[in-house]
$ cat query.cif   # mmCIF, C-alpha atoms (C1' of nucleotides)
data_query
loop_
_atom_site.label_atom_id
_atom_site.label_comp_id
_atom_site.auth_asym_id
_atom_site.auth_seq_id
_atom_site.Cartn_x
_atom_site.Cartn_y
_atom_site.Cartn_z
CA MET A 1 32.88 -17.33 -1.38
CA ARG A 2 34.96 -20.31 -2.20
CA PRO A 3 35.89 -20.41 -5.86
CA ALA A 4 34.11 -23.13 -7.73
CA ARG A 5 36.39 -26.12 -7.84
CA PRO A 6 38.78 -25.55 -10.69
CA PRO A 7 37.28 -26.54 -14.01
CA VAL A 8 38.37 -30.12 -14.25
CA PRO A 9 37.42 -30.78 -17.84
CA ARG A 10 35.45 -33.89 -17.18
CA ARG A 11 34.51 -35.32 -20.52
CA PRO A 12 30.78 -35.51 -21.11
CA ARG A 13 29.27 -38.85 -20.48
CA ARG A 14 28.51 -40.65 -23.69
CA HIS A 15 25.65 -42.96 -24.45
CA ASP A 16 27.57 -45.68 -26.20
CA PRO A 17 25.89 -49.02 -26.60
CA GLY A 18 28.15 -51.51 -28.28
CA ARG A 19 31.18 -49.97 -26.69
CA ARG A 20 32.31 -53.39 -25.57
CA ASP A 21 32.34 -54.57 -29.16
CA ARG A 22 34.27 -51.53 -30.25
CA LEU A 23 36.80 -52.19 -27.54
CA ILE A 24 37.38 -55.71 -28.81
CA ASP A 25 37.91 -54.38 -32.31
CA ALA A 26 40.27 -51.73 -30.98
CA ALA A 27 42.19 -54.47 -29.20
CA LEU A 28 42.61 -56.34 -32.47
CA THR A 29 43.89 -53.22 -34.14
CA VAL A 30 46.40 -52.62 -31.39
CA ILE A 31 47.57 -56.24 -31.46
CA ALA A 32 48.09 -56.07 -35.20
CA GLU A 33 49.83 -52.70 -35.11
CA ARG A 34 51.91 -53.01 -31.98
CA GLY A 35 51.86 -56.63 -30.90
CA VAL A 36 50.38 -58.41 -27.91
CA ALA A 37 53.29 -57.23 -25.80
CA ALA A 38 52.31 -53.59 -26.31
CA THR A 39 48.60 -54.24 -25.94
CA THR A 40 47.67 -52.58 -22.67
CA HIS A 41 44.44 -51.36 -21.17
CA ARG A 42 45.55 -47.81 -21.77
CA GLU A 43 46.56 -48.37 -25.37
CA ILE A 44 43.26 -50.01 -26.27
CA ALA A 45 41.31 -47.29 -24.48
CA ARG A 46 43.25 -44.62 -26.37
CA LYS A 47 42.59 -46.31 -29.70
CA ALA A 48 38.87 -46.56 -28.95
CA ASP A 49 38.81 -43.08 -27.42
CA VAL A 50 37.33 -44.10 -24.11
CA PRO A 51 38.62 -43.53 -20.60
CA LEU A 52 40.78 -46.14 -18.93
CA GLY A 53 38.13 -47.02 -16.41
CA SER A 54 35.91 -48.24 -19.19
CA MET A 55 38.26 -51.16 -19.78
CA THR A 56 37.97 -52.52 -16.28
CA TYR A 57 34.24 -52.01 -16.36
CA HIS A 58 33.72 -54.10 -19.49
CA PHE A 59 36.42 -56.72 -18.94
CA ALA A 60 37.48 -58.55 -15.84
CA SER A 61 41.10 -58.67 -16.99
CA LEU A 62 43.39 -58.01 -19.90
CA GLU A 63 43.47 -61.72 -20.60
CA GLU A 64 39.75 -61.62 -21.17
CA VAL A 65 40.16 -58.85 -23.73
CA LEU A 66 42.80 -60.82 -25.59
CA ALA A 67 40.75 -63.99 -25.58
CA GLU A 68 37.68 -62.23 -26.93
CA ALA A 69 39.70 -60.41 -29.56
CA PHE A 70 41.46 -63.50 -30.87
CA THR A 71 38.24 -65.47 -30.84
CA ARG A 72 36.60 -62.84 -32.98
CA HIS A 73 39.54 -62.80 -35.36
CA ALA A 74 39.71 -66.58 -35.71
CA ASP A 75 35.97 -66.70 -36.37
CA SER A 76 36.19 -64.16 -39.11
CA VAL A 77 39.10 -65.88 -40.87
CA ALA A 78 37.47 -69.28 -40.51
CA ARG A 79 34.30 -67.91 -42.02
CA VAL A 80 36.14 -66.85 -45.16
CA PHE A 81 37.77 -70.26 -45.28
CA ASP A 82 34.40 -71.97 -45.07
CA GLU A 83 32.82 -69.79 -47.68
CA ARG A 84 35.58 -70.21 -50.22
CA LEU A 85 35.60 -73.97 -49.88
CA SER A 86 31.89 -74.55 -49.69
CA ALA A 87 31.46 -72.56 -52.87
CA ALA A 88 33.73 -74.96 -54.74
CA PRO A 89 31.70 -77.53 -56.69
CA ASP A 90 34.48 -80.04 -57.24
CA ARG A 91 38.01 -80.91 -56.35
CA ALA A 92 39.57 -78.77 -59.05
CA ALA A 93 37.64 -75.77 -57.85
CA ALA A 94 38.59 -76.60 -54.27
CA ILE A 95 42.25 -76.50 -55.21
CA GLU A 96 41.76 -73.10 -56.79
CA ALA A 97 39.93 -72.00 -53.68
CA VAL A 98 42.84 -73.03 -51.51
CA ILE A 99 45.28 -71.17 -53.73
CA ALA A 100 43.11 -68.08 -53.63
CA LEU A 101 42.85 -68.38 -49.85
CA VAL A 102 46.58 -68.39 -49.38
CA ALA A 103 47.53 -65.93 -52.07
CA ASP A 104 44.72 -63.43 -51.63
CA ASP A 105 43.19 -63.69 -48.20
CA LEU A 106 46.04 -64.80 -46.01
CA LEU A 107 48.98 -63.20 -47.73
CA GLY A 108 46.98 -60.24 -48.94
CA SER A 109 46.63 -58.74 -45.53
CA ASP A 110 49.57 -58.00 -43.29
CA HIS A 111 47.02 -57.41 -40.61
CA ASP A 112 45.74 -60.98 -40.60
CA LEU A 113 49.21 -62.38 -41.00
CA VAL A 114 50.54 -60.69 -37.92
CA LEU A 115 47.46 -61.56 -35.92
CA ALA A 116 47.95 -65.23 -36.66
CA VAL A 117 51.53 -65.28 -35.44
CA GLU A 118 50.69 -63.19 -32.42
CA LEU A 119 47.97 -65.66 -31.57
CA TYR A 120 50.39 -68.55 -31.88
CA VAL A 121 52.80 -67.29 -29.29
CA ALA A 122 50.07 -66.09 -27.00
CA ALA A 123 48.52 -69.54 -27.25
CA ALA A 124 51.80 -71.13 -26.28
CA ARG A 125 51.39 -69.68 -22.77
CA ASN A 126 47.67 -69.27 -22.36
CA PRO A 127 45.32 -72.26 -22.25
CA ALA A 128 42.28 -70.20 -23.20
CA LEU A 129 44.02 -68.98 -26.32
CA ARG A 130 45.28 -72.44 -27.11
CA ALA A 131 41.66 -73.53 -27.18
CA VAL A 132 40.89 -70.72 -29.61
CA THR A 133 43.75 -71.81 -31.86
CA GLN A 134 42.70 -75.42 -31.81
CA ALA A 135 39.11 -74.64 -32.60
CA TRP A 136 40.34 -72.56 -35.51
CA MET A 137 42.57 -75.34 -36.83
CA ALA A 138 39.84 -77.92 -36.43
CA ARG A 139 37.47 -75.72 -38.36
CA SER A 140 39.79 -75.15 -41.29
CA ARG A 141 40.66 -78.83 -41.43
CA GLN A 142 36.97 -79.61 -41.47
CA ALA A 143 36.45 -77.18 -44.32
CA LEU A 144 39.18 -78.91 -46.28
CA GLU A 145 37.57 -82.27 -45.60
CA ARG A 146 34.65 -81.22 -47.74
CA HIS A 147 36.90 -81.98 -50.68
CA PHE A 148 39.87 -84.01 -49.43
CA ASP A 149 40.31 -87.08 -47.29
CA ALA A 150 41.28 -86.55 -43.67
CA THR A 151 44.98 -87.25 -44.10
CA THR A 152 45.27 -85.00 -47.12
CA ALA A 153 43.33 -82.27 -45.33
CA ARG A 154 45.66 -82.36 -42.39
CA GLU A 155 48.79 -82.32 -44.49
CA LEU A 156 47.43 -79.63 -46.75
CA ASP A 157 46.52 -77.54 -43.73
CA ALA A 158 50.09 -77.79 -42.51
CA LEU A 159 51.45 -76.88 -45.95
CA ILE A 160 49.21 -73.82 -46.06
CA GLU A 161 50.43 -72.82 -42.63
CA GLY A 162 54.02 -73.15 -43.73
CA LEU A 163 53.57 -71.28 -46.98
CA VAL A 164 51.88 -68.41 -45.24
CA LEU A 165 54.32 -68.15 -42.36
CA HIS A 166 57.31 -68.57 -44.59
CA SER A 167 56.14 -65.88 -46.94
CA ALA A 168 55.19 -63.60 -44.12
CA LEU A 169 58.66 -63.56 -42.68
CA SER A 170 60.57 -63.42 -45.91
CA THR A 171 61.79 -60.27 -47.60
CA ASP A 172 61.19 -62.20 -50.76
CA PRO A 173 57.70 -63.64 -50.35
CA MET A 174 56.43 -66.29 -52.71
CA THR A 175 54.45 -65.08 -55.70
CA PRO A 176 50.93 -66.36 -56.31
CA GLU A 177 52.39 -68.53 -59.08
CA GLN A 178 54.84 -70.08 -56.67
CA ILE A 179 52.06 -70.72 -54.17
CA ARG A 180 50.03 -72.35 -56.92
CA HIS A 181 52.98 -74.50 -57.93
CA ALA A 182 53.59 -75.73 -54.40
CA ILE A 183 49.97 -76.62 -53.76
CA HIS A 184 49.52 -78.36 -57.10
CA ARG A 185 52.67 -80.30 -56.51
CA PHE A 186 51.44 -81.56 -53.19
CA LEU A 187 47.99 -82.47 -54.50
CA ARG A 188 49.05 -83.83 -57.85
CA MET B 1 80.20 -44.84 18.83
CA ARG B 2 78.00 -45.14 15.86
CA PRO B 3 77.05 -48.72 15.25
CA ALA B 4 78.78 -50.11 12.21
CA ARG B 5 76.38 -49.80 9.34
CA PRO B 6 74.07 -52.76 9.57
CA PRO B 7 75.59 -55.81 7.98
CA VAL B 8 74.37 -55.43 4.44
CA PRO B 9 75.17 -58.86 3.13
CA ARG B 10 77.05 -57.75 0.07
CA ARG B 11 77.67 -60.83 -2.00
CA PRO B 12 81.33 -61.61 -2.53
CA ARG B 13 82.73 -60.47 -5.81
CA ARG B 14 83.11 -63.36 -8.20
CA HIS B 15 85.76 -63.88 -10.80
CA ASP B 16 83.52 -64.96 -13.63
CA PRO B 17 84.97 -64.84 -17.12
CA GLY B 18 82.43 -65.92 -19.68
CA ARG B 19 79.63 -64.42 -17.66
CA ARG B 20 78.35 -62.63 -20.73
CA ASP B 21 77.96 -65.97 -22.51
CA ARG B 22 76.15 -67.46 -19.56
CA LEU B 23 73.80 -64.50 -19.55
CA ILE B 24 72.90 -65.10 -23.18
CA ASP B 25 72.18 -68.73 -22.42
CA ALA B 26 70.12 -67.73 -19.41
CA ALA B 27 68.17 -65.37 -21.64
CA LEU B 28 67.36 -68.23 -24.02
CA THR B 29 66.17 -70.33 -21.12
CA VAL B 30 63.93 -67.56 -19.88
CA ILE B 31 62.53 -66.93 -23.35
CA ALA B 32 61.74 -70.61 -23.77
CA GLU B 33 60.23 -70.98 -20.32
CA ARG B 34 58.36 -67.74 -19.92
CA GLY B 35 58.27 -66.04 -23.31
CA VAL B 36 59.86 -62.89 -24.67
CA ALA B 37 57.21 -60.82 -22.93
CA ALA B 38 58.38 -62.02 -19.52
CA THR B 39 62.05 -61.79 -20.37
CA THR B 40 63.35 -58.93 -18.26
CA HIS B 41 66.75 -57.89 -17.04
CA ARG B 42 65.84 -59.04 -13.58
CA GLU B 43 64.49 -62.41 -14.68
CA ILE B 44 67.61 -63.21 -16.70
CA ALA B 45 69.87 -62.08 -13.87
CA ARG B 46 67.96 -64.27 -11.42
CA LYS B 47 68.24 -67.28 -13.72
CA ALA B 48 71.99 -66.74 -14.12
CA ASP B 49 72.38 -65.87 -10.44
CA VAL B 50 74.07 -62.54 -10.99
CA PRO B 51 73.11 -59.10 -9.71
CA LEU B 52 70.90 -56.87 -11.83
CA GLY B 53 73.70 -54.41 -12.46
CA SER B 54 75.60 -57.09 -14.32
CA MET B 55 73.04 -56.98 -17.09
CA THR B 56 73.50 -53.34 -17.85
CA TYR B 57 77.23 -53.74 -17.65
CA HIS B 58 77.37 -56.48 -20.28
CA PHE B 59 74.57 -55.31 -22.56
CA ALA B 60 73.60 -51.86 -23.75
CA SER B 61 69.91 -52.72 -23.77
CA LEU B 62 67.46 -55.55 -23.43
CA GLU B 63 67.08 -55.58 -27.21
CA GLU B 64 70.74 -56.41 -27.51
CA VAL B 65 70.32 -59.38 -25.20
CA LEU B 66 67.41 -60.70 -27.23
CA ALA B 67 69.23 -60.27 -30.51
CA GLU B 68 72.30 -62.09 -29.26
CA ALA B 69 70.22 -64.87 -27.75
CA PHE B 70 68.17 -65.50 -30.86
CA THR B 71 71.25 -65.35 -33.06
CA ARG B 72 72.89 -68.02 -30.95
CA HIS B 73 69.78 -70.17 -31.07
CA ALA B 74 69.37 -69.87 -34.82
CA ASP B 75 73.01 -70.75 -35.32
CA SER B 76 72.75 -73.86 -33.24
CA VAL B 77 69.62 -75.11 -34.96
CA ALA B 78 71.05 -74.33 -38.38
CA ARG B 79 74.19 -76.25 -37.52
CA VAL B 80 72.18 -79.39 -36.80
CA PHE B 81 70.32 -78.86 -40.04
CA ASP B 82 73.59 -78.59 -41.95
CA GLU B 83 75.09 -81.62 -40.31
CA ARG B 84 72.14 -83.88 -40.90
CA LEU B 85 71.90 -82.95 -44.54
CA SER B 86 75.58 -82.92 -45.39
CA ALA B 87 75.89 -86.40 -43.93
CA ALA B 88 73.35 -87.73 -46.41
CA PRO B 89 75.05 -89.36 -49.39
CA ASP B 90 72.08 -89.36 -51.74
CA ARG B 91 68.58 -88.08 -52.18
CA ALA B 92 66.95 -90.99 -50.38
CA ALA B 93 69.16 -90.41 -47.37
CA ALA B 94 68.45 -86.71 -47.58
CA ILE B 95 64.73 -87.40 -47.34
CA GLU B 96 65.31 -89.52 -44.28
CA ALA B 97 67.45 -86.74 -42.85
CA VAL B 98 64.64 -84.25 -43.32
CA ILE B 99 62.18 -86.59 -41.64
CA ALA B 100 64.53 -87.11 -38.74
CA LEU B 101 65.06 -83.36 -38.48
CA VAL B 102 61.38 -82.66 -38.15
CA ALA B 103 60.38 -85.64 -36.06
CA ASP B 104 63.38 -85.77 -33.74
CA ASP B 105 65.14 -82.43 -33.60
CA LEU B 106 62.38 -79.92 -34.16
CA LEU B 107 59.42 -81.69 -32.60
CA GLY B 108 61.52 -83.48 -30.05
CA SER B 109 62.24 -80.38 -28.08
CA ASP B 110 59.53 -78.11 -26.78
CA HIS B 111 62.32 -75.72 -26.00
CA ASP B 112 63.36 -75.23 -29.63
CA LEU B 113 59.79 -75.16 -30.79
CA VAL B 114 58.79 -72.33 -28.54
CA LEU B 115 61.96 -70.41 -29.31
CA ALA B 116 61.17 -70.51 -33.01
CA VAL B 117 57.70 -69.08 -32.59
CA GLU B 118 58.90 -66.50 -30.11
CA LEU B 119 61.51 -65.43 -32.62
CA TYR B 120 58.91 -65.11 -35.34
CA VAL B 121 56.77 -62.61 -33.51
CA ALA B 122 59.72 -60.73 -32.15
CA ALA B 123 61.04 -60.51 -35.70
CA ALA B 124 57.75 -59.07 -36.88
CA ARG B 125 58.50 -55.88 -34.91
CA ASN B 126 62.27 -55.80 -34.72
CA PRO B 127 64.40 -55.36 -37.85
CA ALA B 128 67.51 -56.83 -36.21
CA LEU B 129 65.61 -59.98 -35.36
CA ARG B 130 64.07 -60.10 -38.80
CA ALA B 131 67.59 -60.26 -40.17
CA VAL B 132 68.36 -63.16 -37.86
CA THR B 133 65.26 -64.99 -39.04
CA GLN B 134 66.08 -64.45 -42.68
CA ALA B 135 69.65 -65.59 -42.32
CA TRP B 136 68.37 -68.70 -40.62
CA MET B 137 65.85 -69.41 -43.37
CA ALA B 138 68.43 -68.80 -46.07
CA ARG B 139 70.78 -71.19 -44.39
CA SER B 140 68.29 -74.02 -44.08
CA ARG B 141 67.17 -73.53 -47.66
CA GLN B 142 70.78 -73.67 -48.73
CA ALA B 143 71.26 -76.90 -46.80
CA LEU B 144 68.28 -78.39 -48.60
CA GLU B 145 69.72 -77.31 -51.93
CA ARG B 146 72.54 -79.76 -51.44
CA HIS B 147 70.03 -82.41 -52.46
CA PHE B 148 67.06 -80.67 -54.03
CA ASP B 149 66.56 -78.04 -56.71
CA ALA B 150 65.90 -74.49 -55.55
CA THR B 151 62.16 -74.58 -56.02
CA THR B 152 61.79 -77.88 -54.25
CA ALA B 153 64.02 -76.68 -51.45
CA ARG B 154 61.92 -73.63 -50.89
CA GLU B 155 58.65 -75.50 -50.94
CA LEU B 156 59.99 -78.23 -48.73
CA ASP B 157 61.26 -75.66 -46.29
CA ALA B 158 57.77 -74.20 -46.07
CA LEU B 159 56.23 -77.62 -45.60
CA ILE B 160 58.64 -78.36 -42.78
CA GLU B 161 57.75 -75.06 -41.17
CA GLY B 162 54.06 -75.87 -41.41
CA LEU B 163 54.39 -79.40 -40.09
CA VAL B 164 56.38 -78.23 -37.13
CA LEU B 165 54.19 -75.29 -36.25
CA HIS B 166 51.02 -77.23 -36.79
CA SER B 167 52.19 -80.05 -34.58
CA ALA B 168 53.47 -77.68 -31.96
CA LEU B 169 50.12 -76.04 -31.47
CA SER B 170 48.00 -79.13 -31.68
CA THR B 171 46.82 -81.22 -28.75
CA ASP B 172 47.10 -84.07 -31.18
CA PRO B 173 50.51 -83.64 -32.79
CA MET B 174 51.45 -85.64 -35.84
CA THR B 175 53.27 -88.90 -35.24
CA PRO B 176 56.65 -89.52 -36.86
CA GLU B 177 54.86 -91.82 -39.31
CA GLN B 178 52.50 -89.05 -40.29
CA ILE B 179 55.41 -86.67 -40.76
CA ARG B 180 57.12 -89.24 -42.93
CA HIS B 181 53.98 -89.72 -44.98
CA ALA B 182 53.55 -85.99 -45.61
CA ILE B 183 57.13 -85.46 -46.67
CA HIS B 184 57.22 -88.50 -48.91
CA ARG B 185 54.01 -87.42 -50.49
CA PHE B 186 55.39 -84.03 -51.31
CA LEU B 187 58.67 -85.40 -52.68
CA ARG B 188 57.27 -88.41 -54.43
"C1'" DG C 1 104.40 -53.94 -4.89
"C1'" DC C 2 101.82 -50.57 -7.09
"C1'" DT C 3 98.56 -48.87 -10.46
"C1'" DT C 4 95.08 -49.28 -13.46
"C1'" DC C 5 90.91 -50.34 -15.07
"C1'" DA C 6 87.88 -54.04 -16.65
"C1'" DT C 7 84.63 -56.21 -14.22
"C1'" DG C 8 81.44 -56.86 -10.42
"C1'" DT C 9 77.79 -55.06 -7.15
"C1'" DG C 10 73.97 -52.53 -5.06
"C1'" DT C 11 70.60 -48.97 -5.34
"C1'" DA C 12 67.97 -45.11 -6.99
"C1'" DC C 13 64.71 -43.09 -10.24
"C1'" DA C 14 61.15 -42.04 -13.30
"C1'" DG C 15 57.91 -44.25 -16.00
"C1'" DT C 16 54.25 -47.65 -17.06
"C1'" DC C 17 51.48 -51.27 -15.85
"C1'" DG C 18 46.96 -53.87 -14.14
"C1'" DT C 19 43.52 -53.22 -11.24
"C1'" DA C 20 40.40 -51.29 -7.62
"C1'" DC C 21 37.26 -48.05 -6.50
"C1'" DA C 22 34.62 -43.68 -5.49
"C1'" DT C 23 31.72 -41.04 -7.87
"C1'" DA C 24 28.63 -39.24 -11.68
"C1'" DT C 25 24.80 -39.62 -14.92
"C1'" DG C 26 21.13 -40.65 -17.73
"C1'" DA C 27 18.10 -44.61 -20.03
"C1'" DT C 28 14.62 -47.44 -18.52
"C1'" DG C 29 10.61 -49.20 -16.13
"C1'" DC C 30 7.16 -47.95 -13.28
"C1'" DG D 1 7.94 -37.64 -12.43
"C1'" DC D 2 10.71 -40.55 -9.86
"C1'" DA D 3 13.74 -44.30 -8.47
"C1'" DT D 4 16.99 -47.57 -9.91
"C1'" DC D 5 21.00 -49.27 -11.57
"C1'" DA D 6 23.73 -50.36 -15.61
"C1'" DT D 7 27.01 -47.77 -17.58
"C1'" DA D 8 30.54 -44.09 -17.69
"C1'" DT D 9 34.44 -41.47 -15.77
"C1'" DG D 10 38.59 -40.11 -13.23
"C1'" DT D 11 42.08 -41.23 -10.07
"C1'" DA D 12 44.86 -43.69 -6.81
"C1'" DC D 13 48.02 -47.48 -5.55
"C1'" DG D 14 51.46 -50.86 -5.28
"C1'" DA D 15 54.19 -53.66 -8.32
"C1'" DC D 16 57.43 -53.97 -11.77
"C1'" DT D 17 60.10 -52.19 -15.49
"C1'" DG D 18 64.68 -50.39 -18.11
"C1'" DT D 19 68.33 -47.85 -17.24
"C1'" DA D 20 71.81 -44.91 -14.92
"C1'" DC D 21 75.25 -44.58 -11.79
"C1'" DA D 22 78.21 -44.61 -7.59
"C1'" DC D 23 81.16 -47.48 -5.54
"C1'" DA D 24 84.04 -51.95 -4.69
"C1'" DT D 25 87.58 -55.24 -5.93
"C1'" DG D 26 91.00 -57.95 -7.67
"C1'" DA D 27 93.65 -59.66 -12.17
"C1'" DA D 28 97.07 -58.09 -15.12
"C1'" DG D 29 100.88 -55.40 -16.65
"C1'" DC D 30 104.68 -52.96 -15.25
#

$ encode --input "query.cif" --output "structure tokens"
Amino acid sequence: MRPARPPVPRRPRRHDPGRRDRLIDAALTVIAERGVAATTHREIARKADVPLGSMTYHFASLEEVLAEAFTRHADSVARVFDERLSAAPDRAAAIEAVIALVADDLLGSDHDLVLAVELYVAAARNPALRAVTQAWMARSRQALERHFDATTARELDALIEGLVLHSALSTDPMTPEQIRHAIHRFLR
Amino acid sequence: MRPARPPVPRRPRRHDPGRRDRLIDAALTVIAERGVAATTHREIARKADVPLGSMTYHFASLEEVLAEAFTRHADSVARVFDERLSAAPDRAAAIEAVIALVADDLLGSDHDLVLAVELYVAAARNPALRAVTQAWMARSRQALERHFDATTARELDALIEGLVLHSALSTDPMTPEQIRHAIHRFLR
DNA sequence: GCTTCATGTGTACAGTCGTACATATGATGC
DNA sequence: GCATCATATGTACGACTGTACACATGAAGC
């Protein structure tokens, strides 16, 4: 008799609803840890512990994965932004909310920090991602406009961006007190 | 007789001193046009119109090319920064110099804009490039300190960063008047 | 003029990539 | 139970990558 075909260790099929979601999360993890440049089908699949073929089944292209991942990330950051600001009863509280946003939420997590910058360069080349970025910016500006006039909101948004980016790239990041000082100075 | 080996059109050897410099410039062009991710030995060689082998002769690795390119770019931007600010006789002129820097130099050239963001993400993963970024930041802060105290210089530097980045990514970039307004507001 | 060797040129190689696709399997609706 | 088909899995393919390297050539020093 012919020997049974050699025992190719085919991994058992898994019932895995929500795998697509997990893949998007895995993609975000890979982007944050390794950068968009190193974010490949294979790397994401490895992180999520699924076979390569699963990527092409759930996504039409790598671009689609990136777009979905960044959209999810921007949504989650924007949500925090909204919550912090809508919880502020007055302007003074709003200023504190902004300071907390920058010092705690944005600078508190290297993860988020890197994701933002990665999104920026990706957006520079990819129209779909540029749309994600713009929706994100519009949303945070809108949140600021709950408490500040449109011009102030726009300028403040830019200042926040600068403070975060500047701190992110510095070996000597600004302290929360320095952040507070800069924001108060602008809004004084 | 054996036919002469088919006429492989070997390109004539060129006497080309300064080729290494041209390659670094070509690398900057490729980075600006296509992004770090698409910046390959072959792409740079094509842009500079030299054979692939020339890349590995002049540079030990692609990383080395990127580091040299970004260093050159940072130097050239920092030089403009220095010149604008050292030409300002007083604080009022310095403020105008800063406005001109942002509105004309930084936002005036998509090229420079993209290079800055590309450098930021590359720096996030590459220690050599992080050093380049930090030297650049230190230098621009130092230029600002000709006219402003250290704290103001640092905050202003961050604001500039934010204004530039924010405008770069927006479909609706700030006008020079809006830039002027934001900077005056901060320094008022 | 001859030698030397820095510089210039072409090509090969092994690895990784995105994507396509053939095949397997079990949850679901009947 | 049975059929269906969305989902899961493994693999193949051509394209492109960084890098190594063999060979060519002519400028520079003697």

$ closest_atom_pairs --input "query.cif" --of "chain B" --to "chain C" --cutoff "8 Å" --atoms "all atoms listed in the file" --output "CSV"
residue,atom,partner,partner_atom,distance
B:Arg10,CA,C:DT9,C1',7.7
B:Arg11,CA,C:DT9,C1',7.7
B:Arg13,CA,C:DG8,C1',6.0
B:Arg14,CA,C:DG8,C1',7.1
B:Pro51,CA,C:DT9,C1',6.7
B:Gly53,CA,C:DT9,C1',6.7
B:Ser54,CA,C:DG8,C1',7.0

$ closest_atom_pairs --input "query.cif" --of "chain D" --to "stretch 24-47 of chain B" --cutoff "12 Å" --atoms "all atoms listed in the file" --output "tab-separated table"
residue	atom	partner	partner_atom	distance
D:DC16	C1'	B:Arg42	CA	10.0
D:DT17	C1'	B:Thr40	CA	8.0
D:DG18	C1'	B:His41	CA	7.9
D:DT19	C1'	B:His41	CA	10.2

$ write_last_selection --input "query.cif" --atoms "C-alpha atoms (C1' of nucleotides)" --output "PDB file, in the frame of the given file"
ATOM      1  C1'  DC D  16      57.430 -53.970 -11.770  1.00  0.00           C
ATOM      2  C1'  DT D  17      60.100 -52.190 -15.490  1.00  0.00           C
ATOM      3  C1'  DG D  18      64.680 -50.390 -18.110  1.00  0.00           C
ATOM      4  C1'  DT D  19      68.330 -47.850 -17.240  1.00  0.00           C
TER       5       DT D  19
END

$ atom_distance --input "query.cif" --atom1 "atom CA of A:Phe148" --atom2 "atom CA of A:Asp90"
10.3 Å

$ interface_residues --input "query.cif" --of "chain A" --to "chain B" --cutoff "6 Å" --atoms "all atoms listed in the file" --output "VMD selection string"
chain A and resid 158 to 159 161 to 163 166 186

$ interface_residues --input "query.cif" --of "chain D" --to "chain A" --cutoff "9 Å" --atoms "all atoms listed in the file" --output "list in words"
DT7, DA8, DT9 and DG10 of chain D

$ atom_distance --input "query.cif" --atom1 "atom CA of A:Arg141" --atom2 "atom CA of A:Val65"
26.7 Å

$ atom_distance --input "query.cif" --atom1 "atom C1' of D:DG14" --atom2 "atom CA of A:Ala60"
19.1 Å
